[in-house]
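Take a look at the structure set out below.
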Amino acid sequence: MSETKGIMIVGVGGQGTLLASRILGSVLTSQGYDVKMSEVHGMSQRGGSVVTYVKFGERVYSPIIDLGEADYILAFERLEAARWVPYLKKDGTIILNDRAIAPMPVITGAMSYPEDIVQKLRDKGVSIISSDALSMAQDAGNAKSVNVVLIGVLSALTDFSEEVWQDAIAACVKPKFLDVNKKAFALGREYALKKLK
Amino acid sequence: MKQLLLGNAAVARGLYEAGCRFVSAYPGTPSTEIPEAAAKYDEIYAEWAPNEKVAMEAAIGASIGGARSFCAMKHVGLNVAADPLFTVSYTGVNGGMVIAVADDPGMHSSQNEQDSRHYAIAAKLPMLEPSDSGECLEFTKLAYDISEQFDAPVILRTCTRIAHSQSAVELGERVEYELKPFEKNPGKYVMMPGNAIKRHPIIEERTQKLVEYAETAKINRVEMGDTSVGYVTSGTCYQYLRDCFPNASVLKLGMVNPLPVQLIRDFAEKVDKLIVVEELDPVIENHLRVNGIRVDGGKELFGMCGELSQVKIKRALGRETESFVEFDEPVPPRPPALCPGCPHRGMFFTLSKLDVNVMGDIGCYTLGALPPLGAVDTTVCMGASISGAHGFNTARGPESAKKTVAVIGDSTFMHSGVTGLIDIVYNKGVSTVIILDNSITGMTGHQHNPTTGKTIKGEPAPAVSLEKLCQAVGVKNVSVCDPYKLDEFKSLVSAQLQIEEPSVIIARRPCIMLPEVKILPPLYVDHDKCKSCRQCMTIGCPAISFADKKASIDQTLCVGCDLCMQMCKFGAILKKEGK
C-alpha cells in the first residue's frame, strides 16, 4: 500500500462534521487501511471553528494532519476553507460547500467577511470543487445532510465502489434518516461525477 | 476482531475486559466519554458523581470493598480529587483501582494547561501513558495488574489527542474478577498519624520496586534505528515523532512514573545525541538531568506551551517541512458562541444592561464573557463564582454587593457551588447568586447530574431540588424565573441586588439542544420596518447578521426563541404567519 493520506473535515460546530468523519472512517477500515481520526469535542462544538482529521495508509502514526499534509479538505463553509487552506498539500483538493456563515467578530462588526474567497484561492493555484451542498441536502429532504452530500462529492474522487460508501452510511446513520442520507450521498456523487467529466 | 474506537471508548473497553465493576466520574472534556462508554456495559456499575473528589472516594470505597474500581476526570478535576489521591497512595488497594486523567495541552476546552504527571510524582503513584486507542485498552488492563501487584492505585494519563482520536483496537473477552473479601485492617485503611507514619516507608519501598519494574516493563520500549539521534518520548508525542522520523531510534516510555534510570542510561549510550520530546513540562528531561544522563535537546527546543505536532517537531529540530498556501487576507476567528436559543443569552444580555460585576464559572455560560455580550468578569474554576463573589463583596463593602452577581450552572452548583453558598450564609454575606438551571450538564455534551432526575444509564433517579437545597442552607430569598422573559428577569435581578441578605435566583429553562425541547419555526426580518439600529445584534446570536444594511435571520440556525423580537423597538422581527 502507498504512503499515508490525509483528509480534513472543517466547518462550524453543529454542522455534522463528526458524522462525515465516521462514515469516512468506516469506508477506510472496510478497505483494510490502518485508520486514525482525531476530533475535537467540548467547547469548540458550540458554534466554533471545528476540524476533524482522518488519516489512512499502511501504518498511520500521528492522528493529526499538519501544515501542507492534507490530500483533501472537506470545507463545510467558505471562511473555514480559507482558514485551513495552509493544511492542504500542494496538489491537494478542497471540496467546498459554497456557503457563508458569519462568525461572531463579523456579526459584531469588528471584522469583515472576506469576499471572493473561492476565486482568490483558485488564483493561488488551489484546486477547489465547489458545490451548493445545502440546496442538494434540502432536495434530499433534510438541510442537515450537507455532511453526506459532501461525502458523496468526495466519493467520486476515490476508487472505492459506490456500494462501499452506501454500506458505510448505513452503518453510521440512524435507520430513520437512512433514506434521506442515501439520497444526499447520491446527489453529491452525481454532481461531482458530472463536474469531473 | 478489530474495531475503530475513540481512545476514551477503548479505555472503557479495557475496564470491561479487566472485570472492572465500579465506575464513578464527573464529566470533563476530554475524559467524558470513558464513563459514558463504560455505562453501556451491563456488567459495569457506572455513575455520575457530583464532583471528582466524590468519584475518587467512591472508587476507593469500591476497591477496599474488593472490586476492581475506576474513576475518571480531566486534569483540573484531579485538583478537586487531590485530597483522596494523596492518601489512597498510603492505603493502597484491595481490588485493583485505576484513575484516568485526561490532560488538555493546547487548551481545546479548559481553563489551564497543567501537566498531571506532577501529581503521580507528588502522590508517589504509578502512571501509565498510552499513545493510541489500542494502548488505551491494553494499558487499562495492565494498570489493574500493576495496581494489585504493587498495592497502589494506578493513574492512566491521556491527553486530548489520545482521548478524542480513533484508531483500530483488538477486542478481547471480559475476564470476571471475583469480589475479594474485605478484611478489616485499620493499619492499612485508617490513615491516622500512628498508622500513616508506618505506611510512609512502605510507599517509598513500593516506589523503588516500581522503578525496578519500569526498568524491564514491556511498555517501556526501545526501538533501535538510526543511532545518530535517539529520542526519549511518551504518549501522543511518540506518534508525532514516528511520523517525522520513521527510522529513528526511540525509547518510548509507556510508564511515565516512576521512570527507569538504567534503561534510559543504556539507550543514551547507544546513540550519539539524546533528545527528549514531551508536551508541557520537562518531566522526563528533568529526570534525566537529575540522574546525570546527558540531554542534547529538550524544552529549549520545544517549549513548555501548547501541543506538539509533526511540523512543530521538525521545525524545532531545523528540519524541512512541506510548503503550503495561505489566504492573504485576515481570516476572522470563529470563537465558540452560545447557541441560537440558548437560555443563557437573555440572562447575560440583562446583566450587561444592568452593568453589574459578574463572577463567572465553568460551563457553556463562560462564553458569556465573549463579545458582544462581554458580561463575565472572572472565571477561575468550578464553584469559584459564588465563593469569589463573597470574597469580592466582603473586600469591597456592602455597596459592591448591590452591583455584583455570581452566575453558575446547575451541574457546577452541585459540583462545588453549594459550599460557597453556605460560606455566604454562615458568614452573613449578602451576595446574589444566579443559578442557570438548564436541566443538564451542557458544555461536556449533555450529561445528567443530581438535579436532572436521571442516572448515567438514563434510568429515573431522585432529583435534588435546587430551591429546597438553597433554602435548607439558610437562603431566605430564593426565586425562580424564565430567562427568556427579559423584562421580568431584569426587574427580579434589580430587586434581589438591593436586598441586604443572601439571595438566589434560579434562571430555569432547559438547554435548547436537548432533544425534548421543541424548536419553534424561524423568525424573519421585515426589511421595510428594520431601521438598521443594530439593537438585535447586541445579543450575539449566531443566527442574526447584517446584510445590505438590514438585519437578517439565518433560517437554518434560528430556533424561534424570540429574544431578538423582544428587543426590536420597530416590530421588524416577526413570526411566520399561522405558526
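Residue numbering restarts at 1 in every chain; chains get A, B, ... in the order shown in the C-alpha cells, and ligands count up from 1 in that same order.
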* Can you list, as a ChimeraX atom specification, every protein, DNA or RNA residue that comes within 9 Å of Lys144 in chain A when you count only C-alpha atoms, leaving out same-chain residues fewer than 5 positions away? -> /A:15-16,134,137-138 /B:556
* Enumerate as an MDAnalysis selection string all residues of range 127-192 of chain B assigned to strand (DSSP E or B) by DSSP on the backbone, naming them with the chain letters and numbers the document uses. => chainID B and resid 127:128 154:159 165:170
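Counting only C-alpha atoms and comparing B:Ala49, B:Asn291, B:Pro30, B:Thr394, the residue that lies closest to Pro450 in chain B is B:Ala49.
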* To do: Considering only C-alpha atoms, extract the chain B residues located within 8 Å of chain A and return them as a ChimeraX atom specification.
  => /B:4,29-30,108-109,160-161,164-168,236,239-240,242-243,309-311,322-327,329-339,364,371-372,443-445,537-538,540,542,544-546,556
* To do: Could you pull out the residues in range 158-317 of chain B that DSSP calls alpha helix (DSSP H) from the backbone, as a PyMOL selection string?
  => chain B and resi 160-163+186-189+193-216+235-244+262-270+283-290+299-302+310-316
Keeping C-alpha atoms, export the residues of the selection given above as a PDB file, in the first residue's frame.
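Contents of selection08.pdb, freshly written:
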```
ATOM      1  CA  THR B 160      -6.971  15.340  24.043  1.00  0.00           C
ATOM      2  CA  ARG B 161      -5.271  13.731  21.018  1.00  0.00           C
ATOM      3  CA  ILE B 162      -5.410  10.283  22.625  1.00  0.00           C
ATOM      4  CA  ALA B 163      -8.823  10.594  24.269  1.00  0.00           C
ATOM      5  CA  PRO B 186      -7.025  -0.418  60.300  1.00  0.00           C
ATOM      6  CA  GLY B 187      -3.247  -0.232  59.956  1.00  0.00           C
ATOM      7  CA  LYS B 188      -3.753  -0.088  56.176  1.00  0.00           C
ATOM      8  CA  TYR B 189      -7.108   1.641  55.777  1.00  0.00           C
ATOM      9  CA  PRO B 193      -0.971   9.610  62.225  1.00  0.00           C
ATOM     10  CA  GLY B 194       0.011   6.445  64.116  1.00  0.00           C
ATOM     11  CA  ASN B 195      -0.922   4.265  61.173  1.00  0.00           C
ATOM     12  CA  ALA B 196       0.050   6.553  58.320  1.00  0.00           C
ATOM     13  CA  ILE B 197       3.553   7.045  59.686  1.00  0.00           C
ATOM     14  CA  LYS B 198       4.066   3.305  59.351  1.00  0.00           C
ATOM     15  CA  ARG B 199       2.682   3.315  55.802  1.00  0.00           C
ATOM     16  CA  HIS B 200       5.019   6.006  54.500  1.00  0.00           C
ATOM     17  CA  PRO B 201       8.173   3.841  54.397  1.00  0.00           C
ATOM     18  CA  ILE B 202       6.122   1.124  52.683  1.00  0.00           C
ATOM     19  CA  ILE B 203       5.233   3.643  49.969  1.00  0.00           C
ATOM     20  CA  GLU B 204       8.888   4.617  49.488  1.00  0.00           C
ATOM     21  CA  GLU B 205       9.801   0.952  49.228  1.00  0.00           C
ATOM     22  CA  ARG B 206       6.982   0.464  46.721  1.00  0.00           C
ATOM     23  CA  THR B 207       8.377   3.261  44.549  1.00  0.00           C
ATOM     24  CA  GLN B 208      11.771   1.517  44.482  1.00  0.00           C
ATOM     25  CA  LYS B 209      10.075  -1.708  43.386  1.00  0.00           C
ATOM     26  CA  LEU B 210       8.158   0.177  40.737  1.00  0.00           C
ATOM     27  CA  VAL B 211      11.399   1.665  39.406  1.00  0.00           C
ATOM     28  CA  GLU B 212      12.752  -1.884  39.094  1.00  0.00           C
ATOM     29  CA  TYR B 213       9.562  -2.849  37.294  1.00  0.00           C
ATOM     30  CA  ALA B 214       9.948   0.136  34.964  1.00  0.00           C
ATOM     31  CA  GLU B 215      13.478  -0.951  34.018  1.00  0.00           C
ATOM     32  CA  THR B 216      12.194  -4.082  32.308  1.00  0.00           C
ATOM     33  CA  GLY B 235       2.168   9.207  24.629  1.00  0.00           C
ATOM     34  CA  THR B 236       0.997  11.182  21.628  1.00  0.00           C
ATOM     35  CA  CYS B 237       4.474  12.671  21.079  1.00  0.00           C
ATOM     36  CA  TYR B 238       5.679   9.185  20.125  1.00  0.00           C
ATOM     37  CA  GLN B 239       3.244   9.218  17.189  1.00  0.00           C
ATOM     38  CA  TYR B 240       4.327  12.683  16.030  1.00  0.00           C
ATOM     39  CA  LEU B 241       7.976  11.629  16.237  1.00  0.00           C
ATOM     40  CA  ARG B 242       7.433   8.422  14.265  1.00  0.00           C
ATOM     41  CA  ASP B 243       5.593  10.467  11.632  1.00  0.00           C
ATOM     42  CA  CYS B 244       8.695  12.684  11.281  1.00  0.00           C
ATOM     43  CA  GLN B 262      19.326   2.244  33.772  1.00  0.00           C
ATOM     44  CA  LEU B 263      17.112   1.667  30.734  1.00  0.00           C
ATOM     45  CA  ILE B 264      17.457   5.318  29.713  1.00  0.00           C
ATOM     46  CA  ARG B 265      21.184   5.345  30.512  1.00  0.00           C
ATOM     47  CA  ASP B 266      21.752   2.309  28.300  1.00  0.00           C
ATOM     48  CA  PHE B 267      19.730   3.859  25.487  1.00  0.00           C
ATOM     49  CA  ALA B 268      21.668   7.114  25.794  1.00  0.00           C
ATOM     50  CA  GLU B 269      24.947   5.245  25.404  1.00  0.00           C
ATOM     51  CA  LYS B 270      23.836   3.676  22.135  1.00  0.00           C
ATOM     52  CA  VAL B 283       9.243  15.877  33.475  1.00  0.00           C
ATOM     53  CA  ILE B 284      11.260  13.249  31.588  1.00  0.00           C
ATOM     54  CA  GLU B 285      14.010  15.746  30.820  1.00  0.00           C
ATOM     55  CA  ASN B 286      14.441  16.725  34.470  1.00  0.00           C
ATOM     56  CA  HIS B 287      14.566  13.056  35.447  1.00  0.00           C
ATOM     57  CA  LEU B 288      17.441  12.565  33.032  1.00  0.00           C
ATOM     58  CA  ARG B 289      19.289  15.614  34.268  1.00  0.00           C
ATOM     59  CA  VAL B 290      18.848  14.652  37.940  1.00  0.00           C
ATOM     60  CA  LYS B 299      12.447  22.113  26.361  1.00  0.00           C
ATOM     61  CA  GLU B 300      14.789  24.740  24.936  1.00  0.00           C
ATOM     62  CA  LEU B 301      13.790  23.339  21.532  1.00  0.00           C
ATOM     63  CA  PHE B 302      10.115  22.518  22.035  1.00  0.00           C
ATOM     64  CA  GLN B 310       4.952  16.699  13.435  1.00  0.00           C
ATOM     65  CA  VAL B 311       5.648  20.117  11.895  1.00  0.00           C
ATOM     66  CA  LYS B 312       6.459  21.697  15.270  1.00  0.00           C
ATOM     67  CA  ILE B 313       8.937  18.913  15.993  1.00  0.00           C
ATOM     68  CA  LYS B 314      10.555  19.210  12.559  1.00  0.00           C
ATOM     69  CA  ARG B 315      10.822  22.981  12.841  1.00  0.00           C
ATOM     70  CA  ALA B 316      12.282  22.777  16.350  1.00  0.00           C
TER      71      ALA B 316
END
```
Give me the residues within 12 Å of Pro460 in chain B as a compact mmCIF listing (two decimals) with C-alpha atoms, in the first residue's frame, counting only C-alpha atoms and dropping any in the same chain fewer than 4 places off.
```txt
# COMPACT_ATOMS: atom_id res chain seq x y z
CA HIS B 448 -27.14 14.04 33.72
CA ASN B 449 -26.43 15.39 37.18
CA PRO B 450 -28.10 15.16 40.60
CA THR B 451 -30.71 17.79 39.64
CA THR B 452 -31.92 16.20 36.38
CA GLY B 453 -33.73 13.13 37.72
CA LYS B 454 -31.84 10.61 35.57
CA THR B 455 -28.73 8.44 36.05
CA ILE B 456 -25.83 7.98 33.63
```
* Who sits within 12 Å of Ser385 in chain B, only C-alpha atoms, same chain under 2 positions skipped, as JSON, numbers by chain -> {"B": [357, 358, 359, 360, 361, 362, 363, 365, 366, 376, 377, 378, 379, 380, 381, 382, 383, 387, 388, 389, 390, 391, 392, 393, 404, 405, 406, 407, 408, 409, 412, 413, 416, 417, 418, 419, 420, 421, 424, 431, 432, 433, 434, 435]}
* Asked: In Å to one decimal, how far is CA of Asp71 in chain A from CA of Gly92 in chain A?
  ->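 Rounded to one decimal, the two atoms are 4.5 Å apart.
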* **Given only C-alpha atoms as the counted atoms, nearest of B:Leu370, B:Cys159, B:Ile499, B:Cys541 to Glu307 in chain B** => B:Cys159
* Asked: Smallest atom-to-atom distance to Glu43 in chain B: which of B:Gly292, B:Gly19, B:Gly92, B:Gly106, using only C-alpha atoms?
  -> B:Gly19
